[in-house]
Amino acid sequence: MTKISQMMIDLDEASLLKQLRSELEKGEDPLDILEQCREGMKQVGSLFEEGEYYISELMMAGELFKEVSAVILPHLANTAAESSRGQVVIGTVQDDLHHIGKDIVVTILRGANYEVNDLGVDVPAHRFAETVVKTGARVVGLSCLLTVAFDRMKETVSALRELPFPVKVMIGGGPVTENICNYVGADALGRDAQAAVNICNRWLSDRESENI
Amino acid sequence: MSSKNIYDKRFTLIKKAIACELVERVPVIYMGTAFSPRFTGLSIAEFCSDPEKAVQSQLETLKKIGGFDGCQTIGRPPLASLSAIWLSRVKIPGKDLPADSLWQVEEDEILTESDYRLIIEKGWKHFFQEYLPRVIDIQEYREAVDWSANNGPRIRRLYQEHGYVVLCDTDLNATIPFESLCGGRSFQKFIIDLFRMPDLVQEAMDIIMEESLEVISRTSPASSELIGCSWIGGWRSASALLSPKIWNRFVWPYIVRYVNALVDKGYTPVLHWDQDWTRDLERLKELPPKKVVLNPDGMTDVRKFREIVGDNMALLGDVPSSIFAAGTPEDIYGYVHDLVRDVGTTGLLLCPGCDAPINTRPENMQAFADSARDYGKVS
């Protein structure tokens, strides 16, 4: 484990930023530094799955990753987008204005090197479908906190199923259960942000075999 | 039997259940703030703007469904208190949202980093008064508070006349400083603050806590004519969201102090806990036995709760909102059956978890009341 990865795992903000700047000044490869940060993020995700870390630590790690990205990305020119693991469209469905859960997922997905198109809250079904067509994303994340949004989720999944290519849909949110996942016709339920990353890893790394 | 007799019987039953004494049947408690207007055909906008109609709507629901012994609240939508407790703006149907949609709390950052210092310098009460206009029209807020103060006792008598017991019959409902600051600051920003400036946040929390406890200390002791339940709300401070390090420092000590202050005055703290608190259920043993009620939303492991606390704390709940909205009457029957079987009939008050949602299917609410009556019988 490199120093940078370990500092990310320890959520040691001050040391991490100092080390980062020092390595950049020394002329170290920015892409390599970014990879070390991602490795740290990956370990944070593992600690979360092992029950050592909680949502609070995931959020702080996400914040650190945002900070280091802001420092490193100007050194990378246009290479970052090319190295993305895939695109994900995400949003809170229509009639629901809650964004806390969605925002955590967005942060953690970005930290895991996914290119995330965050549509915000109160997003109608057609906007999800249009964005998928426009971006070429094949994975969509739908969030809600209100039970009244279950039917909106269902409508959105239906709209995505009508597209002329397959799209995988994951859902999440406070009252969302496996039963609701079946009810709305989604492909997977993500109980937390790390679960969303794992789902994307599974779907997008097996993209060909799953035909998406 | 007269309404008075029915009320007295139900009142005693609920008191015994809260105290974890043996009961002849499990009390059935209603909680469906937004379901009532939808069920009785009242628009949500009207429900929000007219407290008298809101109360009538809940009473009508209780009568039509039947089988309830009481309700957690008088049925008025908690719009002003949501703003006050979470330091957040609330979007109101008929004003900010379509007339028949649900009110929603805005999860935006309104409280700033510098506000922690202001709380410390000015004190909580002073800060709160200055802050409030950022999240609610101050005239509307005062009207809401005045309405409660002027009409609370009359409304409770109205419920009494209909034979229904209101559990939360005090004006002390509150939450810990974590929830208020987190609400105003927004979840992500607040969590980051806990990592970056923990001492400052804690100092502000301590100021809020001291002043809140002072308010409780000035309150009259609970009357024996009241159930005296008082919510201590927990949403974003749930164990599932926070590491033990954060929770043990910023959440639990404040809950303990709040609980003890309320119990000292003869009130019954209701831990209205959404999300999953299973990890820390052991800590409940630190609270005064048979004086506190746990009110989870279906996510906390209530079997583990019963195993840990035994008959030292009552459970109020916990049929999940998703089953009310998208399940079937059979699902409700199954849930209630298993709940009663696994946690036992002592120290249990059957109730929707959190709040039965606006889109609860009427047949599911009916199934809840019927199944609670059927399975809540004590042999």
# chains A, B, ... in the order shown; residues from 1 in each chain; ligands from 1
>>> closest_atom_pairs(of="chain A", to="chain B", cutoff="9 Å", atoms="only C-alpha atoms", output="JSON lines")
{"residue": "A:Leu11", "atom": "CA", "partner": "B:Phe195", "partner_atom": "CA", "distance": 8.9}
{"residue": "A:Glu13", "atom": "CA", "partner": "B:Arg196", "partner_atom": "CA", "distance": 8.6}
{"residue": "A:Glu52", "atom": "CA", "partner": "B:Ser243", "partner_atom": "CA", "distance": 8.0}
{"residue": "A:Tyr53", "atom": "CA", "partner": "B:Ser243", "partner_atom": "CA", "distance": 6.3}
{"residue": "A:Tyr54", "atom": "CA", "partner": "B:Ser243", "partner_atom": "CA", "distance": 5.2}
{"residue": "A:Ile55", "atom": "CA", "partner": "B:Leu241", "partner_atom": "CA", "distance": 4.9}
{"residue": "A:Ser56", "atom": "CA", "partner": "B:Leu242", "partner_atom": "CA", "distance": 5.1}
{"residue": "A:Glu57", "atom": "CA", "partner": "B:Ser243", "partner_atom": "CA", "distance": 7.3}
{"residue": "A:Met59", "atom": "CA", "partner": "B:Gln188", "partner_atom": "CA", "distance": 6.8}
{"residue": "A:Met60", "atom": "CA", "partner": "B:Ile192", "partner_atom": "CA", "distance": 5.9}
{"residue": "A:Glu63", "atom": "CA", "partner": "B:Ile192", "partner_atom": "CA", "distance": 7.7}
{"residue": "A:Asp95", "atom": "CA", "partner": "B:Ser101", "partner_atom": "CA", "distance": 8.2}
{"residue": "A:Asp96", "atom": "CA", "partner": "B:Gln104", "partner_atom": "CA", "distance": 8.0}
{"residue": "A:Leu97", "atom": "CA", "partner": "B:Gln104", "partner_atom": "CA", "distance": 7.1}
{"residue": "A:His98", "atom": "CA", "partner": "B:Glu107", "partner_atom": "CA", "distance": 6.6}
{"residue": "A:His99", "atom": "CA", "partner": "B:Glu107", "partner_atom": "CA", "distance": 7.0}
{"residue": "A:Ile100", "atom": "CA", "partner": "B:Phe187", "partner_atom": "CA", "distance": 6.7}
{"residue": "A:Asp103", "atom": "CA", "partner": "B:Gln188", "partner_atom": "CA", "distance": 8.4}
{"residue": "A:Ile104", "atom": "CA", "partner": "B:Gln188", "partner_atom": "CA", "distance": 7.7}
{"residue": "A:Leu146", "atom": "CA", "partner": "B:Pro357", "partner_atom": "CA", "distance": 8.1}
{"residue": "A:Thr147", "atom": "CA", "partner": "B:Ser322", "partner_atom": "CA", "distance": 6.5}
{"residue": "A:Val148", "atom": "CA", "partner": "B:Asn359", "partner_atom": "CA", "distance": 6.0}
{"residue": "A:Phe150", "atom": "CA", "partner": "B:Ala326", "partner_atom": "CA", "distance": 8.2}
{"residue": "A:Gly174", "atom": "CA", "partner": "B:Gln275", "partner_atom": "CA", "distance": 7.5}
{"residue": "A:Pro175", "atom": "CA", "partner": "B:Ser322", "partner_atom": "CA", "distance": 5.8}
{"residue": "A:Val176", "atom": "CA", "partner": "B:Ser322", "partner_atom": "CA", "distance": 7.1}
{"residue": "A:Thr177", "atom": "CA", "partner": "B:Ser322", "partner_atom": "CA", "distance": 7.7}
{"residue": "A:Asn179", "atom": "CA", "partner": "B:Gly327", "partner_atom": "CA", "distance": 8.5}
{"residue": "A:Ile180", "atom": "CA", "partner": "B:Ala326", "partner_atom": "CA", "distance": 7.3}
{"residue": "A:Tyr183", "atom": "CA", "partner": "B:Ala326", "partner_atom": "CA", "distance": 7.9}
>>> write_last_selection(atoms="N, CA, C and O atoms", output="compact mmCIF listing (two decimals), in the first residue's frame")
# COMPACT_ATOMS: atom_id res chain seq x y z
N LEU A 11 -8.43 8.39 6.05
CA LEU A 11 -9.21 9.64 5.92
C LEU A 11 -8.44 10.81 6.51
O LEU A 11 -9.01 11.71 7.13
N GLU A 13 -7.04 13.85 5.88
CA GLU A 13 -7.16 14.88 4.85
C GLU A 13 -5.90 15.74 4.72
O GLU A 13 -5.37 15.92 3.61
N GLU A 52 -16.32 -2.27 9.15
CA GLU A 52 -15.36 -1.44 9.89
C GLU A 52 -15.69 0.04 9.68
O GLU A 52 -15.53 0.86 10.57
N TYR A 53 -16.07 0.36 8.47
CA TYR A 53 -16.45 1.73 8.13
C TYR A 53 -17.95 1.81 7.90
O TYR A 53 -18.60 0.80 7.61
N TYR A 54 -18.47 3.02 8.02
CA TYR A 54 -19.91 3.25 7.86
C TYR A 54 -20.13 4.30 6.77
O TYR A 54 -19.18 4.79 6.17
N ILE A 55 -21.41 4.66 6.57
CA ILE A 55 -21.73 5.68 5.57
C ILE A 55 -20.92 6.95 5.85
O ILE A 55 -20.45 7.63 4.93
N SER A 56 -20.76 7.28 7.13
CA SER A 56 -20.02 8.50 7.48
C SER A 56 -18.61 8.47 6.90
O SER A 56 -18.14 9.48 6.34
N GLU A 57 -17.94 7.32 6.97
CA GLU A 57 -16.57 7.22 6.44
C GLU A 57 -16.59 7.21 4.90
O GLU A 57 -15.70 7.79 4.27
N MET A 59 -18.65 8.79 3.11
CA MET A 59 -18.87 10.17 2.68
C MET A 59 -17.60 10.99 2.79
O MET A 59 -17.28 11.80 1.91
N MET A 60 -16.87 10.79 3.87
CA MET A 60 -15.62 11.55 4.03
C MET A 60 -14.62 11.13 2.95
O MET A 60 -13.92 11.97 2.39
N GLU A 63 -15.53 12.81 -0.17
CA GLU A 63 -15.14 14.22 -0.13
C GLU A 63 -13.64 14.35 -0.42
O GLU A 63 -13.22 15.23 -1.18
N ASP A 95 -41.59 13.53 -8.69
CA ASP A 95 -42.44 13.76 -7.50
C ASP A 95 -41.68 13.61 -6.19
O ASP A 95 -42.26 13.78 -5.12
N ASP A 96 -40.41 13.28 -6.25
CA ASP A 96 -39.63 13.11 -5.02
C ASP A 96 -38.44 14.07 -5.08
O ASP A 96 -37.68 14.06 -6.06
N LEU A 97 -38.31 14.90 -4.04
CA LEU A 97 -37.28 15.95 -4.05
C LEU A 97 -36.06 15.60 -3.20
O LEU A 97 -35.19 16.43 -2.98
N HIS A 98 -36.00 14.38 -2.70
CA HIS A 98 -34.92 14.02 -1.78
C HIS A 98 -33.64 13.64 -2.54
O HIS A 98 -33.70 12.91 -3.52
N HIS A 99 -32.53 14.11 -2.03
CA HIS A 99 -31.28 13.86 -2.78
C HIS A 99 -30.13 13.31 -1.95
O HIS A 99 -29.08 12.96 -2.48
N ILE A 100 -30.31 13.21 -0.62
CA ILE A 100 -29.17 12.82 0.21
C ILE A 100 -28.60 11.46 -0.23
O ILE A 100 -27.40 11.33 -0.49
N ASP A 103 -27.02 11.52 -3.69
CA ASP A 103 -25.74 12.25 -3.73
C ASP A 103 -24.59 11.39 -3.19
O ASP A 103 -23.47 11.46 -3.70
N ILE A 104 -24.88 10.60 -2.16
CA ILE A 104 -23.83 9.73 -1.61
C ILE A 104 -23.42 8.71 -2.68
O ILE A 104 -22.23 8.48 -2.92
N LEU A 146 -39.78 8.61 -0.93
CA LEU A 146 -41.22 8.56 -0.68
C LEU A 146 -41.84 7.32 -1.31
O LEU A 146 -41.48 6.96 -2.44
N THR A 147 -42.78 6.73 -0.61
CA THR A 147 -43.43 5.55 -1.18
C THR A 147 -44.29 5.94 -2.39
O THR A 147 -44.54 5.10 -3.24
N VAL A 148 -44.73 7.20 -2.46
CA VAL A 148 -45.52 7.61 -3.63
C VAL A 148 -44.69 7.57 -4.90
O VAL A 148 -45.23 7.59 -6.00
N PHE A 150 -42.83 5.06 -5.79
CA PHE A 150 -42.67 3.70 -6.31
C PHE A 150 -43.26 3.58 -7.72
O PHE A 150 -42.66 2.97 -8.61
N GLY A 174 -34.59 4.86 1.09
CA GLY A 174 -35.05 4.42 2.41
C GLY A 174 -36.07 3.30 2.42
O GLY A 174 -35.83 2.24 3.01
N PRO A 175 -37.24 3.47 1.77
CA PRO A 175 -38.28 2.44 1.91
C PRO A 175 -38.20 1.34 0.85
O PRO A 175 -39.07 0.49 0.77
N VAL A 176 -37.15 1.37 0.05
CA VAL A 176 -37.07 0.43 -1.08
C VAL A 176 -36.57 -0.93 -0.60
O VAL A 176 -35.54 -1.03 0.05
N THR A 177 -37.31 -1.97 -0.96
CA THR A 177 -36.97 -3.34 -0.56
C THR A 177 -36.89 -4.22 -1.80
O THR A 177 -37.18 -3.77 -2.91
N ASN A 179 -38.93 -6.52 -2.53
CA ASN A 179 -40.29 -6.58 -3.07
C ASN A 179 -40.58 -5.40 -3.98
O ASN A 179 -41.23 -5.54 -5.02
N ILE A 180 -40.11 -4.23 -3.57
CA ILE A 180 -40.33 -3.04 -4.40
C ILE A 180 -39.52 -3.15 -5.68
O ILE A 180 -39.96 -2.75 -6.75
N TYR A 183 -41.55 -5.14 -7.79
CA TYR A 183 -42.75 -4.38 -8.17
C TYR A 183 -42.47 -3.41 -9.32
O TYR A 183 -43.26 -3.30 -10.25
>>> select_by_dssp(residues="region 4-103 of chain B", states="strand (DSSP E)", output="count of residues only")
6
>>> residues_around(residues="Leu315 (chain B)", least_positions_apart="6", cutoff="12 Å", atoms="only C-alpha atoms", output="short mmCIF file (atom, residue, chain, number, x, y, z; two decimals) with all heavy atoms, in the first residue's frame")
data_model
loop_
_atom_site.label_atom_id
_atom_site.label_comp_id
_atom_site.auth_asym_id
_atom_site.auth_seq_id
_atom_site.Cartn_x
_atom_site.Cartn_y
_atom_site.Cartn_z
N ILE B 14 -53.15 1.06 27.40
CA ILE B 14 -51.95 1.65 26.79
C ILE B 14 -50.90 1.94 27.86
O ILE B 14 -49.71 1.67 27.67
CB ILE B 14 -52.34 2.93 25.99
CG1 ILE B 14 -53.11 2.52 24.73
CG2 ILE B 14 -51.10 3.76 25.62
CD1 ILE B 14 -53.79 3.65 24.00
N ALA B 17 -49.28 -1.28 28.75
CA ALA B 17 -48.39 -1.77 27.69
C ALA B 17 -47.07 -1.00 27.71
O ALA B 17 -46.00 -1.59 27.56
CB ALA B 17 -49.07 -1.63 26.33
N ILE B 18 -47.16 0.31 27.91
CA ILE B 18 -45.95 1.13 27.95
C ILE B 18 -45.07 0.72 29.14
O ILE B 18 -43.84 0.67 29.04
CB ILE B 18 -46.32 2.63 28.01
CG1 ILE B 18 -46.88 3.08 26.65
CG2 ILE B 18 -45.10 3.47 28.40
CD1 ILE B 18 -47.44 4.49 26.64
N ALA B 19 -45.72 0.39 30.24
CA ALA B 19 -44.98 -0.01 31.45
C ALA B 19 -44.58 -1.49 31.41
O ALA B 19 -44.05 -2.02 32.40
CB ALA B 19 -45.82 0.27 32.68
N CYS B 20 -44.84 -2.15 30.28
CA CYS B 20 -44.49 -3.57 30.09
C CYS B 20 -45.17 -4.46 31.13
O CYS B 20 -44.59 -5.45 31.59
CB CYS B 20 -42.98 -3.77 30.13
SG CYS B 20 -42.11 -2.90 28.84
N VAL B 26 -53.10 -6.65 23.01
CA VAL B 26 -52.10 -5.65 22.61
C VAL B 26 -52.83 -4.41 22.07
O VAL B 26 -53.71 -4.54 21.21
CB VAL B 26 -51.18 -6.23 21.50
CG1 VAL B 26 -50.22 -5.18 20.99
CG2 VAL B 26 -50.43 -7.44 22.03
N PRO B 27 -52.49 -3.23 22.56
CA PRO B 27 -53.14 -2.02 22.03
C PRO B 27 -52.80 -1.80 20.55
O PRO B 27 -51.70 -2.14 20.11
CB PRO B 27 -52.55 -0.88 22.88
CG PRO B 27 -51.79 -1.51 23.98
CD PRO B 27 -51.52 -2.93 23.62
N VAL B 28 -53.75 -1.21 19.84
CA VAL B 28 -53.57 -0.95 18.41
C VAL B 28 -53.57 0.57 18.22
O VAL B 28 -54.54 1.25 18.54
CB VAL B 28 -54.71 -1.59 17.58
CG1 VAL B 28 -54.40 -1.47 16.10
CG2 VAL B 28 -54.91 -3.04 17.98
N ILE B 29 -52.47 1.07 17.70
CA ILE B 29 -52.27 2.52 17.62
C ILE B 29 -52.20 2.96 16.16
O ILE B 29 -51.51 2.34 15.35
CB ILE B 29 -50.96 2.92 18.35
CG1 ILE B 29 -50.92 2.35 19.78
CG2 ILE B 29 -50.79 4.45 18.35
CD1 ILE B 29 -52.05 2.79 20.68
N PRO B 269 -40.46 9.09 27.11
CA PRO B 269 -39.77 9.34 25.84
C PRO B 269 -40.07 8.24 24.82
O PRO B 269 -40.01 7.06 25.16
CB PRO B 269 -38.29 9.32 26.21
CG PRO B 269 -38.25 9.45 27.70
CD PRO B 269 -39.52 8.85 28.21
N VAL B 270 -40.43 8.65 23.62
CA VAL B 270 -40.65 7.70 22.52
C VAL B 270 -39.49 7.87 21.55
O VAL B 270 -39.35 8.92 20.92
CB VAL B 270 -41.99 7.99 21.80
CG1 VAL B 270 -42.13 7.11 20.57
CG2 VAL B 270 -43.15 7.74 22.74
N LEU B 271 -38.66 6.85 21.48
CA LEU B 271 -37.53 6.92 20.56
C LEU B 271 -38.06 6.62 19.16
O LEU B 271 -38.18 5.46 18.76
CB LEU B 271 -36.45 5.93 20.98
CG LEU B 271 -35.92 6.11 22.41
CD1 LEU B 271 -34.95 4.99 22.77
CD2 LEU B 271 -35.25 7.47 22.58
N HIS B 272 -38.46 7.68 18.48
CA HIS B 272 -39.00 7.53 17.13
C HIS B 272 -37.80 7.42 16.20
O HIS B 272 -37.24 8.41 15.75
CB HIS B 272 -39.86 8.74 16.77
CG HIS B 272 -40.41 8.67 15.37
ND1 HIS B 272 -41.61 8.07 15.08
CD2 HIS B 272 -39.90 9.07 14.18
CE1 HIS B 272 -41.81 8.13 13.78
NE2 HIS B 272 -40.79 8.74 13.21
N TRP B 273 -37.39 6.18 15.98
CA TRP B 273 -36.15 5.94 15.25
C TRP B 273 -36.40 5.33 13.88
O TRP B 273 -36.79 4.18 13.77
CB TRP B 273 -35.26 4.98 16.06
CG TRP B 273 -34.54 5.64 17.20
CD1 TRP B 273 -34.54 6.95 17.54
CD2 TRP B 273 -33.71 4.98 18.17
NE1 TRP B 273 -33.76 7.16 18.66
CE2 TRP B 273 -33.24 5.97 19.06
CE3 TRP B 273 -33.32 3.66 18.38
CZ2 TRP B 273 -32.40 5.69 20.14
CZ3 TRP B 273 -32.49 3.37 19.44
CH2 TRP B 273 -32.02 4.37 20.31
N LYS B 290 -38.61 0.31 31.71
CA LYS B 290 -40.08 0.44 31.66
C LYS B 290 -40.57 1.89 31.60
O LYS B 290 -41.71 2.18 31.97
CB LYS B 290 -40.73 -0.29 32.84
CG LYS B 290 -40.38 -1.79 32.90
CD LYS B 290 -41.01 -2.45 34.10
CE LYS B 290 -40.45 -3.84 34.35
NZ LYS B 290 -40.94 -4.87 33.45
N LYS B 291 -39.71 2.79 31.20
CA LYS B 291 -40.09 4.21 31.15
C LYS B 291 -39.97 4.78 29.74
O LYS B 291 -40.27 5.95 29.50
CB LYS B 291 -39.17 5.05 32.06
CG LYS B 291 -39.18 4.64 33.51
CD LYS B 291 -40.40 5.18 34.20
CE LYS B 291 -40.36 4.91 35.69
NZ LYS B 291 -41.65 5.13 36.31
N VAL B 292 -39.46 3.99 28.83
CA VAL B 292 -39.14 4.50 27.48
C VAL B 292 -39.79 3.56 26.46
O VAL B 292 -39.96 2.38 26.72
CB VAL B 292 -37.61 4.53 27.27
CG1 VAL B 292 -37.24 5.11 25.91
CG2 VAL B 292 -36.93 5.32 28.39
N VAL B 293 -40.14 4.12 25.30
CA VAL B 293 -40.75 3.32 24.23
C VAL B 293 -39.86 3.41 22.98
O VAL B 293 -39.44 4.50 22.61
CB VAL B 293 -42.16 3.85 23.89
CG1 VAL B 293 -42.74 3.12 22.69
CG2 VAL B 293 -43.09 3.73 25.09
N LEU B 294 -39.60 2.26 22.38
CA LEU B 294 -38.89 2.27 21.10
C LEU B 294 -39.92 2.24 19.98
O LEU B 294 -40.81 1.40 19.98
CB LEU B 294 -37.95 1.07 20.98
CG LEU B 294 -37.16 1.03 19.67
CD1 LEU B 294 -36.13 2.15 19.60
CD2 LEU B 294 -36.46 -0.32 19.47
N ASN B 295 -39.77 3.14 19.02
CA ASN B 295 -40.72 3.28 17.92
C ASN B 295 -39.97 3.23 16.59
O ASN B 295 -39.74 4.24 15.95
CB ASN B 295 -41.48 4.61 18.10
CG ASN B 295 -42.49 4.92 17.02
OD1 ASN B 295 -42.76 6.08 16.74
ND2 ASN B 295 -43.06 3.92 16.40
N PRO B 296 -39.57 2.02 16.16
CA PRO B 296 -38.79 1.89 14.93
C PRO B 296 -39.67 1.77 13.68
O PRO B 296 -40.89 1.64 13.79
CB PRO B 296 -38.01 0.59 15.16
CG PRO B 296 -38.90 -0.22 16.04
CD PRO B 296 -39.78 0.72 16.81
N ASP B 297 -39.04 1.81 12.50
CA ASP B 297 -39.82 1.88 11.25
C ASP B 297 -39.79 0.61 10.43
O ASP B 297 -40.17 0.61 9.27
CB ASP B 297 -39.32 3.05 10.40
CG ASP B 297 -37.91 2.81 9.87
OD1 ASP B 297 -37.24 1.87 10.35
OD2 ASP B 297 -37.48 3.56 8.97
N GLY B 298 -39.30 -0.48 11.02
CA GLY B 298 -39.25 -1.74 10.27
C GLY B 298 -37.83 -2.10 9.88
O GLY B 298 -37.57 -3.21 9.43
N THR B 300 -34.98 -1.57 12.01
CA THR B 300 -34.23 -2.08 13.17
C THR B 300 -34.73 -3.48 13.51
O THR B 300 -35.92 -3.77 13.39
CB THR B 300 -34.46 -1.12 14.36
OG1 THR B 300 -33.90 0.15 14.04
CG2 THR B 300 -33.80 -1.64 15.63
N ASP B 301 -33.81 -4.34 13.92
CA ASP B 301 -34.15 -5.73 14.23
C ASP B 301 -34.88 -5.79 15.58
O ASP B 301 -34.26 -5.76 16.64
CB ASP B 301 -32.86 -6.56 14.28
CG ASP B 301 -33.12 -8.03 14.49
OD1 ASP B 301 -34.24 -8.39 14.91
OD2 ASP B 301 -32.20 -8.83 14.24
N VAL B 302 -36.20 -5.88 15.52
CA VAL B 302 -36.99 -5.83 16.77
C VAL B 302 -36.90 -7.15 17.55
O VAL B 302 -37.15 -7.18 18.76
CB VAL B 302 -38.46 -5.45 16.51
CG1 VAL B 302 -38.56 -4.01 16.08
CG2 VAL B 302 -39.11 -6.37 15.48
N ARG B 303 -36.56 -8.21 16.87
CA ARG B 303 -36.36 -9.48 17.59
C ARG B 303 -35.12 -9.37 18.48
O ARG B 303 -35.13 -9.80 19.63
CB ARG B 303 -36.26 -10.64 16.60
CG ARG B 303 -37.63 -11.01 16.05
CD ARG B 303 -37.66 -11.28 14.57
NE ARG B 303 -39.04 -11.47 14.12
CZ ARG B 303 -39.77 -10.52 13.53
NH1 ARG B 303 -39.28 -9.30 13.34
NH2 ARG B 303 -41.01 -10.76 13.14
N LYS B 304 -34.10 -8.79 17.91
CA LYS B 304 -32.88 -8.60 18.70
C LYS B 304 -33.16 -7.62 19.85
O LYS B 304 -32.65 -7.78 20.95
CB LYS B 304 -31.76 -8.07 17.79
CG LYS B 304 -30.40 -8.21 18.40
CD LYS B 304 -29.29 -7.93 17.42
CE LYS B 304 -27.95 -8.00 18.14
NZ LYS B 304 -26.87 -7.43 17.36
N PHE B 305 -33.96 -6.61 19.54
CA PHE B 305 -34.34 -5.63 20.57
C PHE B 305 -34.97 -6.35 21.76
O PHE B 305 -34.59 -6.13 22.91
CB PHE B 305 -35.33 -4.62 19.96
CG PHE B 305 -36.17 -3.88 20.96
CD1 PHE B 305 -35.64 -2.82 21.69
CD2 PHE B 305 -37.49 -4.25 21.20
CE1 PHE B 305 -36.42 -2.14 22.62
CE2 PHE B 305 -38.28 -3.58 22.12
CZ PHE B 305 -37.74 -2.52 22.84
N ARG B 306 -35.93 -7.23 21.47
CA ARG B 306 -36.62 -7.92 22.56
C ARG B 306 -35.66 -8.84 23.31
O ARG B 306 -35.70 -8.93 24.55
CB ARG B 306 -37.81 -8.70 21.99
CG ARG B 306 -38.69 -9.33 23.03
CD ARG B 306 -39.21 -8.32 24.07
NE ARG B 306 -40.39 -7.60 23.65
CZ ARG B 306 -40.67 -6.34 24.04
NH1 ARG B 306 -39.84 -5.66 24.81
NH2 ARG B 306 -41.75 -5.74 23.62
N VAL B 309 -33.39 -6.25 25.50
CA VAL B 309 -33.99 -5.47 26.60
C VAL B 309 -35.04 -6.25 27.38
O VAL B 309 -35.48 -5.80 28.44
CB VAL B 309 -34.61 -4.13 26.11
CG1 VAL B 309 -33.60 -3.28 25.40
CG2 VAL B 309 -35.82 -4.36 25.24
N LEU B 339 -44.66 -10.64 13.97
CA LEU B 339 -44.18 -9.67 14.95
C LEU B 339 -44.66 -10.05 16.36
O LEU B 339 -43.86 -10.12 17.31
CB LEU B 339 -44.68 -8.26 14.58
CG LEU B 339 -44.28 -7.11 15.50
CD1 LEU B 339 -42.77 -6.91 15.50
CD2 LEU B 339 -44.97 -5.80 15.07
N VAL B 340 -45.95 -10.29 16.48
CA VAL B 340 -46.51 -10.64 17.80
C VAL B 340 -45.90 -11.95 18.29
O VAL B 340 -45.51 -12.08 19.45
CB VAL B 340 -48.05 -10.74 17.73
CG1 VAL B 340 -48.61 -11.20 19.08
CG2 VAL B 340 -48.66 -9.40 17.34
N VAL B 343 -41.98 -11.07 19.26
CA VAL B 343 -41.60 -10.13 20.32
C VAL B 343 -42.51 -10.26 21.54
O VAL B 343 -42.24 -9.68 22.58
CB VAL B 343 -41.56 -8.65 19.85
CG1 VAL B 343 -40.65 -8.49 18.66
CG2 VAL B 343 -42.95 -8.12 19.55
N GLY B 344 -43.59 -11.03 21.40
CA GLY B 344 -44.46 -11.27 22.55
C GLY B 344 -45.48 -10.15 22.74
O GLY B 344 -45.37 -9.07 22.13
N THR B 345 -46.45 -10.42 23.56
CA THR B 345 -47.55 -9.46 23.73
C THR B 345 -47.30 -8.46 24.87
O THR B 345 -48.01 -7.46 24.97
CB THR B 345 -48.88 -10.20 24.02
OG1 THR B 345 -48.65 -11.15 25.07
CG2 THR B 345 -49.37 -10.91 22.78
N THR B 346 -46.30 -8.74 25.69
CA THR B 346 -46.02 -7.80 26.79
C THR B 346 -45.09 -6.70 26.27
O THR B 346 -44.10 -6.97 25.60
CB THR B 346 -45.34 -8.54 27.96
OG1 THR B 346 -46.20 -9.61 28.36
CG2 THR B 346 -45.09 -7.60 29.13
N GLY B 347 -45.45 -5.46 26.60
CA GLY B 347 -44.61 -4.35 26.15
C GLY B 347 -44.67 -4.16 24.65
O GLY B 347 -43.69 -3.78 24.01
N LEU B 348 -45.82 -4.40 24.08
CA LEU B 348 -45.99 -4.20 22.63
C LEU B 348 -47.21 -3.35 22.36
O LEU B 348 -48.29 -3.57 22.94
CB LEU B 348 -46.14 -5.55 21.91
CG LEU B 348 -46.43 -5.50 20.41
CD1 LEU B 348 -45.27 -4.85 19.65
CD2 LEU B 348 -46.70 -6.89 19.84
N LEU B 349 -47.04 -2.34 21.50
CA LEU B 349 -48.16 -1.55 21.00
C LEU B 349 -48.05 -1.62 19.47
O LEU B 349 -47.04 -1.15 18.90
CB LEU B 349 -48.09 -0.09 21.46
CG LEU B 349 -48.17 0.13 22.99
CD1 LEU B 349 -46.77 0.25 23.58
CD2 LEU B 349 -48.96 1.39 23.31
N LEU B 350 -49.02 -2.25 18.84
CA LEU B 350 -48.93 -2.41 17.38
C LEU B 350 -49.25 -1.10 16.68
O LEU B 350 -50.23 -0.42 17.01
CB LEU B 350 -49.88 -3.52 16.93
CG LEU B 350 -49.41 -4.93 17.30
CD1 LEU B 350 -50.54 -5.94 17.21
CD2 LEU B 350 -48.23 -5.36 16.41
N CYS B 351 -48.44 -0.76 15.71
CA CYS B 351 -48.55 0.56 15.07
C CYS B 351 -47.81 0.51 13.74
O CYS B 351 -46.84 -0.24 13.60
CB CYS B 351 -47.89 1.59 16.00
SG CYS B 351 -48.05 3.30 15.49
N PRO B 352 -48.21 1.31 12.76
CA PRO B 352 -47.38 1.42 11.56
C PRO B 352 -45.99 1.93 11.94
O PRO B 352 -45.85 2.76 12.85
CB PRO B 352 -48.13 2.46 10.71
CG PRO B 352 -49.55 2.35 11.17
CD PRO B 352 -49.46 2.07 12.64
N GLY B 353 -44.97 1.44 11.26
CA GLY B 353 -43.62 1.94 11.51
C GLY B 353 -43.48 3.33 10.93
O GLY B 353 -43.96 3.59 9.83
#
>>> residues_around(residues="Cys37 (chain A)", least_positions_apart="3", cutoff="6 Å", atoms="only C-alpha atoms", output="list in words")
Ser5, Leu34 and Gly40 of chain A
>>> residues_around(residues="Arg117 (chain B)", least_positions_apart="2", cutoff="12 Å", atoms="only C-alpha atoms", output="VMD selection string")
chain B and resid 111 to 115 119 to 124 127 197 199 to 205 207
>>> residues_around(residues="Lys4 (chain B)", least_positions_apart="4", cutoff="9 Å", atoms="only C-alpha atoms", output="PyMOL selection string")
chain B and resi 8-9+160-163
